[in-house]
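With mmCIF, C-alpha atoms inside, this is upload.cif:
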data_work
loop_
_atom_site.group_PDB
_atom_site.id
_atom_site.type_symbol
_atom_site.label_atom_id
_atom_site.label_comp_id
_atom_site.auth_asym_id
_atom_site.auth_seq_id
_atom_site.Cartn_x
_atom_site.Cartn_y
_atom_site.Cartn_z
ATOM 1 C CA MET E 1 4.621 -16.533 17.698
ATOM 2 C CA LEU E 2 2.133 -14.015 19.065
ATOM 3 C CA LYS E 3 3.105 -10.389 18.464
ATOM 4 C CA ILE E 4 1.207 -7.398 19.860
ATOM 5 C CA MET E 5 2.396 -4.036 18.558
ATOM 6 C CA THR E 6 1.580 -0.418 17.878
ATOM 7 C CA LEU E 7 2.483 1.796 14.910
ATOM 8 C CA ALA E 8 5.320 3.178 17.025
ATOM 9 C CA ASP E 9 6.915 -0.315 17.065
ATOM 10 C CA GLY E 10 7.203 -0.567 13.272
ATOM 11 C CA ALA E 11 10.289 0.112 11.187
ATOM 12 C CA ARG E 12 9.845 3.443 9.360
ATOM 13 C CA SER E 13 11.103 4.228 5.879
ATOM 14 C CA THR E 14 10.570 6.867 3.229
ATOM 15 C CA LEU E 15 8.457 6.017 0.184
ATOM 16 C CA ASP E 16 9.992 6.494 -3.267
ATOM 17 C CA ASN E 17 10.552 10.116 -4.312
ATOM 18 C CA GLY E 18 9.836 11.298 -0.745
ATOM 19 C CA ARG E 19 6.103 11.002 -1.368
ATOM 20 C CA GLY E 20 5.367 9.678 2.093
ATOM 21 C CA GLU E 21 6.292 7.275 4.874
ATOM 22 C CA LYS E 22 5.900 3.508 5.340
ATOM 23 C CA ILE E 23 5.758 1.719 8.689
ATOM 24 C CA LYS E 24 6.434 -2.029 8.367
ATOM 25 C CA LEU E 25 4.462 -4.040 10.876
ATOM 26 C CA ILE E 26 4.202 -7.676 9.778
ATOM 27 C CA ASP E 27 6.554 -9.020 7.120
ATOM 28 C CA ASP E 28 8.919 -11.901 6.435
ATOM 29 C CA ARG E 29 10.531 -11.400 9.834
ATOM 30 C CA LEU E 30 7.341 -12.954 11.295
ATOM 31 C CA THR E 31 5.609 -14.874 8.483
ATOM 32 C CA GLN E 32 5.802 -15.672 4.783
ATOM 33 C CA THR E 33 2.029 -15.643 4.316
ATOM 34 C CA LEU E 34 1.223 -11.936 4.580
ATOM 35 C CA ASP E 35 2.701 -8.459 4.799
ATOM 36 C CA LEU E 36 1.134 -5.543 6.672
ATOM 37 C CA HIS E 37 2.327 -1.983 6.718
ATOM 38 C CA HIS E 38 0.905 1.494 7.239
ATOM 39 C CA ASN E 39 1.506 4.152 4.592
ATOM 40 C CA THR E 40 1.068 7.887 4.892
ATOM 41 C CA LEU E 41 1.122 9.721 1.555
ATOM 42 C CA PHE E 42 1.912 13.429 1.829
ATOM 43 C CA PRO E 43 -0.238 16.031 0.016
ATOM 44 C CA HIS E 44 0.829 16.494 -3.619
ATOM 45 C CA GLY E 45 3.646 13.977 -2.980
ATOM 46 C CA GLY E 46 3.749 12.547 -6.470
ATOM 47 C CA LYS E 47 2.236 9.534 -8.152
ATOM 48 C CA GLY E 48 3.007 5.983 -7.120
ATOM 49 C CA ARG E 49 4.506 3.694 -9.769
ATOM 50 C CA TYR E 50 1.948 1.764 -11.807
ATOM 51 C CA HIS E 51 2.625 -1.906 -11.085
ATOM 52 C CA ARG E 52 1.173 -5.331 -10.385
ATOM 53 C CA HIS E 53 1.896 -8.353 -8.213
ATOM 54 C CA SER E 54 1.805 -11.759 -9.942
ATOM 55 C CA LYS E 55 0.652 -13.831 -6.945
ATOM 56 C CA ALA E 56 -0.202 -11.430 -4.114
ATOM 57 C CA ASP E 57 -3.662 -10.032 -3.497
ATOM 58 C CA ASN E 58 -3.603 -6.517 -2.044
ATOM 59 C CA VAL E 59 -5.962 -4.874 0.461
ATOM 60 C CA TYR E 60 -6.044 -1.181 1.389
ATOM 61 C CA ILE E 61 -7.850 -0.064 4.538
ATOM 62 C CA VAL E 62 -8.127 3.722 4.299
ATOM 63 C CA THR E 63 -7.692 5.354 7.722
ATOM 64 C CA GLY E 64 -7.427 9.029 6.777
ATOM 65 C CA GLY E 65 -7.742 11.545 3.978
ATOM 66 C CA THR E 66 -8.575 11.050 0.313
ATOM 67 C CA GLY E 67 -6.417 9.485 -2.379
ATOM 68 C CA GLU E 68 -6.412 8.570 -6.036
ATOM 69 C CA LEU E 69 -6.238 4.898 -6.999
ATOM 70 C CA ILE E 70 -5.660 3.884 -10.600
ATOM 71 C CA ALA E 71 -6.599 0.210 -10.988
ATOM 72 C CA ASP E 72 -6.683 -1.582 -14.318
ATOM 73 C CA GLY E 73 -6.602 1.810 -16.084
ATOM 74 C CA VAL E 74 -9.597 3.288 -14.231
ATOM 75 C CA THR E 75 -9.197 6.199 -11.774
ATOM 76 C CA HIS E 76 -11.019 5.969 -8.430
ATOM 77 C CA ARG E 77 -11.288 8.469 -5.587
ATOM 78 C CA VAL E 78 -10.827 6.593 -2.305
ATOM 79 C CA SER E 79 -11.340 7.945 1.199
ATOM 80 C CA LYS E 80 -11.376 7.226 4.914
ATOM 81 C CA GLY E 81 -13.483 4.242 5.896
ATOM 82 C CA GLN E 82 -13.170 2.398 2.582
ATOM 83 C CA ILE E 83 -11.632 -1.041 2.137
ATOM 84 C CA ILE E 84 -10.239 -1.824 -1.315
ATOM 85 C CA PHE E 85 -9.411 -5.309 -2.612
ATOM 86 C CA ILE E 86 -6.975 -5.493 -5.551
ATOM 87 C CA PRO E 87 -6.608 -9.037 -6.922
ATOM 88 C CA ALA E 88 -3.239 -10.456 -7.934
ATOM 89 C CA GLY E 89 -2.249 -9.410 -11.452
ATOM 90 C CA MET E 90 -4.295 -6.176 -11.550
ATOM 91 C CA PRO E 91 -2.126 -3.114 -12.370
ATOM 92 C CA HIS E 92 -2.529 -0.270 -9.862
ATOM 93 C CA SER E 93 -0.980 2.849 -8.371
ATOM 94 C CA LEU E 94 -1.874 5.144 -5.497
ATOM 95 C CA SER E 95 -1.295 8.857 -4.987
ATOM 96 C CA ASN E 96 -2.449 11.783 -2.866
ATOM 97 C CA PRO E 97 -3.491 14.815 -4.920
ATOM 98 C CA GLY E 98 -5.300 16.293 -1.881
ATOM 99 C CA GLU E 99 -4.469 18.879 0.733
ATOM 100 C CA GLU E 100 -4.113 16.583 3.764
ATOM 101 C CA ASN E 101 -2.216 13.396 4.567
ATOM 102 C CA PHE E 102 -3.712 10.221 3.098
ATOM 103 C CA SER E 103 -3.162 7.091 5.187
ATOM 104 C CA ILE E 104 -3.829 3.389 4.686
ATOM 105 C CA PHE E 105 -3.074 0.024 6.156
ATOM 106 C CA GLU E 106 -1.841 -2.160 3.291
ATOM 107 C CA ILE E 107 -1.970 -5.963 3.323
ATOM 108 C CA TYR E 108 -0.356 -8.356 0.826
ATOM 109 C CA ALA E 109 -0.979 -12.098 0.769
ATOM 110 C CA PRO E 110 0.890 -14.225 0.031
ATOM 111 C CA ALA E 111 4.073 -12.404 0.908
ATOM 112 C CA GLY E 112 7.684 -13.417 1.428
ATOM 113 C CA ALA E 113 9.151 -15.174 -1.623
ATOM 114 C CA ASP E 114 5.767 -15.017 -3.395
ATOM 115 C CA PHE E 115 5.612 -11.211 -3.274
ATOM 116 C CA ASP E 116 6.890 -9.307 -6.291
ATOM 117 C CA PHE E 117 6.621 -5.777 -7.729
ATOM 118 C CA ILE E 118 6.296 -5.688 -11.520
ATOM 119 C CA PRO E 119 6.265 -2.228 -13.175
ATOM 120 C CA VAL E 120 3.570 -1.798 -15.849
ATOM 121 C CA GLU E 121 3.279 0.840 -18.584
ATOM 122 C CA GLU E 122 0.277 3.131 -18.115
#
Could you show the structure in this file as structure tokens?
Amino acid sequence: MLKIMTLADGARSTLDNGRGEKIKLIDDRLTQTLDLHHNTLFPHGGKGRYHRHSKADNVYIVTGGTGELIADGVTHRVSKGQIIFIPAGMPHSLSNPGEENFSIFEIYAPAGADFDFIPVEE
């Protein structure tokens, strides 16, 4: 099924601890093979939970601002225009310590029943 949409069409929800907003665009309502959503992390909104996905690769496409990515124990500064690939199994978390909104498109594949969220100790 072809689906053409805008960010305004997506279902909006609040990220954990009020640290930002998620807009779901493509998920198991359309396909089991990938998930796409847009996240906006608010300035100083708190750290994301350190976690991994056992089967799903993860891609961030940074569309605005600057954020902090911790991946496999290493801290990286990421910013607008960058594309980040996080392979399945790699622990990671994302936060916005900056002064402006930080926004990304986030893709998971596979998704659906193969997508999981496994907390990891830092």
Evaluate the PyMOL selection byres ((chain E and resi 88) around 6) on the structure here and hand back the selected residues as a CSV table (one decimal) with C-alpha atoms, in the coordinates of the input.
chain,number,residue,atom,x,y,z
E,53,HIS,CA,1.9,-8.4,-8.2
E,54,SER,CA,1.8,-11.8,-9.9
E,55,LYS,CA,0.7,-13.8,-6.9
E,56,ALA,CA,-0.2,-11.4,-4.1
E,57,ASP,CA,-3.7,-10.0,-3.5
E,87,PRO,CA,-6.6,-9.0,-6.9
E,89,GLY,CA,-2.2,-9.4,-11.5
E,90,MET,CA,-4.3,-6.2,-11.6
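Shortest atom-to-atom contact with Lys24 of chain E among E:Asp116, E:Glu122, E:Glu106, E:Glu100: E:Glu106, counting all atoms listed in the file.
Residues surrounding segment 37-43 of chain E within 7 Å are Arg19, Gly20, Glu21, Lys22, Ile23, Lys24, Leu25, Ile26, Asp35, Gly45, Asn96, Pro97, Gly98, Glu99, Glu100, Asn101, Phe102, Ser103, Ile104, Phe105, Glu106 and Ile107 of chain E [only C-alpha atoms; sequence separation below 2 positions excluded].
A straight line drawn from atom CA of Tyr60 of chain E to atom CA of Ala111 of chain E is 15.1 Å long.
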Picked residues, the PyMOL selection byres ((chain E and resi 121) around 12), expected as a short mmCIF file (atom, residue, chain, number, x, y, z; two decimals) with C-alpha atoms, keeping the file's coordinate frame:
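Result written to expr-v3.cif:
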data_model
loop_
_atom_site.label_atom_id
_atom_site.label_comp_id
_atom_site.auth_asym_id
_atom_site.auth_seq_id
_atom_site.Cartn_x
_atom_site.Cartn_y
_atom_site.Cartn_z
CA ARG E 49 4.51 3.69 -9.77
CA TYR E 50 1.95 1.76 -11.81
CA HIS E 51 2.62 -1.91 -11.08
CA ARG E 52 1.17 -5.33 -10.38
CA ASP E 72 -6.68 -1.58 -14.32
CA GLY E 73 -6.60 1.81 -16.08
CA PRO E 91 -2.13 -3.11 -12.37
CA HIS E 92 -2.53 -0.27 -9.86
CA SER E 93 -0.98 2.85 -8.37
CA ILE E 118 6.30 -5.69 -11.52
CA PRO E 119 6.26 -2.23 -13.18
CA VAL E 120 3.57 -1.80 -15.85
CA GLU E 122 0.28 3.13 -18.11
#
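Coordinates place atom CA of Tyr108 of chain E at a distance of 21.1 Å from atom CA of Thr66 of chain E.
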Review point. Please, what distance in Å, to one decimal, runs between atom CA of Val78 of chain E and atom CA of Gly46 of chain E?
Key: 16.3 Å
Review point. Gly112 of chain E: which residues within 8 Å, counting all atoms listed in the file, same-chain residues fewer than 3 positions away excluded, as a list of chain:residue names?
Key: E:Asp27, E:Asp28, E:Thr31, E:Gln32, E:Thr33, E:Leu34, E:Asp35, E:Phe115
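Candidate residues E:Asp114, E:Gly48, E:Ser95, E:Leu36 were compared for distance to Gly10 of chain E, and the nearest is E:Leu36, using all atoms listed in the file.
Against this structure, the PyMOL selection byres ((chain E and resi 81) around 8) ends up with Ile61, Val62, Thr63, Gly64, Ser79, Lys80, Gln82 and Ile83 of chain E.
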Point to revise | Polymer residues at most 8 Å from Ile86 of chain E, all atoms listed in the file, same-chain spacing of 6 or more positions, as number ranges by chain | key: E: 57-59, 71
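Counting all atoms listed in the file, the residue from E:Thr75, E:Leu30, E:Asn17, E:Pro110 that sits nearest to Lys3 of chain E is E:Leu30.
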Please fill the gaps in segment 27-38 of chain E so it has all heavy atoms, and write that as a short mmCIF file (atom, residue, chain, number, x, y, z; two decimals), keeping the file's coordinate frame.
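Saved the output as part_39.cif:
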data_model
loop_
_atom_site.label_atom_id
_atom_site.label_comp_id
_atom_site.auth_asym_id
_atom_site.auth_seq_id
_atom_site.Cartn_x
_atom_site.Cartn_y
_atom_site.Cartn_z
N ASP E 27 5.90 -8.69 8.39
CA ASP E 27 6.55 -9.02 7.12
C ASP E 27 7.30 -10.33 7.29
O ASP E 27 7.03 -11.08 8.23
CB ASP E 27 7.45 -7.89 6.63
CG ASP E 27 8.56 -7.52 7.60
OD1 ASP E 27 8.83 -8.28 8.55
OD2 ASP E 27 9.17 -6.45 7.42
N ASP E 28 8.25 -10.60 6.41
CA ASP E 28 8.92 -11.90 6.44
C ASP E 28 9.77 -12.14 7.69
O ASP E 28 10.28 -13.23 7.88
CB ASP E 28 9.72 -12.14 5.16
CG ASP E 28 10.75 -11.08 4.87
OD1 ASP E 28 11.01 -10.21 5.72
OD2 ASP E 28 11.31 -11.12 3.76
N ARG E 29 9.88 -11.15 8.54
CA ARG E 29 10.53 -11.40 9.83
C ARG E 29 9.64 -12.25 10.74
O ARG E 29 10.12 -12.92 11.63
CB ARG E 29 10.86 -10.08 10.55
CG ARG E 29 11.88 -9.23 9.80
CD ARG E 29 12.00 -7.86 10.40
NE ARG E 29 10.73 -7.17 10.19
CZ ARG E 29 10.42 -5.98 10.68
NH1 ARG E 29 11.27 -5.34 11.45
NH2 ARG E 29 9.27 -5.41 10.42
N LEU E 30 8.30 -12.20 10.48
CA LEU E 30 7.34 -12.95 11.30
C LEU E 30 6.67 -14.10 10.54
O LEU E 30 6.40 -15.15 11.12
CB LEU E 30 6.23 -12.02 11.82
CG LEU E 30 6.65 -10.94 12.80
CD1 LEU E 30 5.49 -10.01 13.10
CD2 LEU E 30 7.16 -11.58 14.08
N THR E 31 6.36 -13.88 9.25
CA THR E 31 5.61 -14.87 8.48
C THR E 31 5.86 -14.69 6.99
O THR E 31 6.19 -13.59 6.56
CB THR E 31 4.09 -14.76 8.77
OG1 THR E 31 3.39 -15.74 8.01
CG2 THR E 31 3.56 -13.38 8.45
N GLN E 32 5.69 -15.74 6.24
CA GLN E 32 5.80 -15.67 4.78
C GLN E 32 4.43 -15.55 4.12
O GLN E 32 4.34 -15.43 2.91
CB GLN E 32 6.49 -16.93 4.25
CG GLN E 32 7.92 -17.08 4.72
CD GLN E 32 8.84 -16.03 4.12
OE1 GLN E 32 8.91 -15.89 2.91
NE2 GLN E 32 9.54 -15.30 4.96
N THR E 33 3.37 -15.59 4.90
CA THR E 33 2.03 -15.64 4.32
C THR E 33 1.38 -14.29 4.08
O THR E 33 0.49 -14.18 3.24
CB THR E 33 1.09 -16.50 5.18
OG1 THR E 33 1.03 -15.94 6.50
CG2 THR E 33 1.57 -17.93 5.23
N LEU E 34 1.78 -13.26 4.82
CA LEU E 34 1.22 -11.94 4.58
C LEU E 34 2.19 -10.85 5.00
O LEU E 34 3.15 -11.09 5.72
CB LEU E 34 -0.15 -11.76 5.25
CG LEU E 34 -0.22 -11.67 6.77
CD1 LEU E 34 -0.08 -10.25 7.27
CD2 LEU E 34 -1.54 -12.24 7.24
N ASP E 35 1.91 -9.65 4.49
CA ASP E 35 2.70 -8.46 4.80
C ASP E 35 1.71 -7.38 5.18
O ASP E 35 0.68 -7.22 4.53
CB ASP E 35 3.50 -8.04 3.56
CG ASP E 35 4.37 -6.82 3.80
OD1 ASP E 35 3.82 -5.70 3.85
OD2 ASP E 35 5.58 -6.98 3.92
N LEU E 36 1.99 -6.65 6.24
CA LEU E 36 1.13 -5.54 6.67
C LEU E 36 2.01 -4.34 6.97
O LEU E 36 3.00 -4.46 7.70
CB LEU E 36 0.34 -5.92 7.94
CG LEU E 36 -0.39 -4.77 8.65
CD1 LEU E 36 -1.52 -4.22 7.79
CD2 LEU E 36 -0.90 -5.23 10.01
N HIS E 37 1.65 -3.22 6.37
CA HIS E 37 2.33 -1.98 6.72
C HIS E 37 1.33 -0.83 6.66
O HIS E 37 0.22 -0.97 6.17
CB HIS E 37 3.58 -1.72 5.87
CG HIS E 37 3.36 -1.79 4.40
ND1 HIS E 37 3.50 -2.94 3.67
CD2 HIS E 37 3.02 -0.84 3.52
CE1 HIS E 37 3.25 -2.69 2.40
NE2 HIS E 37 2.96 -1.42 2.28
N HIS E 38 1.73 0.29 7.23
CA HIS E 38 0.90 1.49 7.24
C HIS E 38 1.63 2.55 6.42
O HIS E 38 2.81 2.83 6.65
CB HIS E 38 0.70 1.99 8.68
CG HIS E 38 -0.24 3.13 8.77
ND1 HIS E 38 0.16 4.44 8.73
CD2 HIS E 38 -1.60 3.16 8.87
CE1 HIS E 38 -0.89 5.23 8.82
NE2 HIS E 38 -1.97 4.48 8.91
#
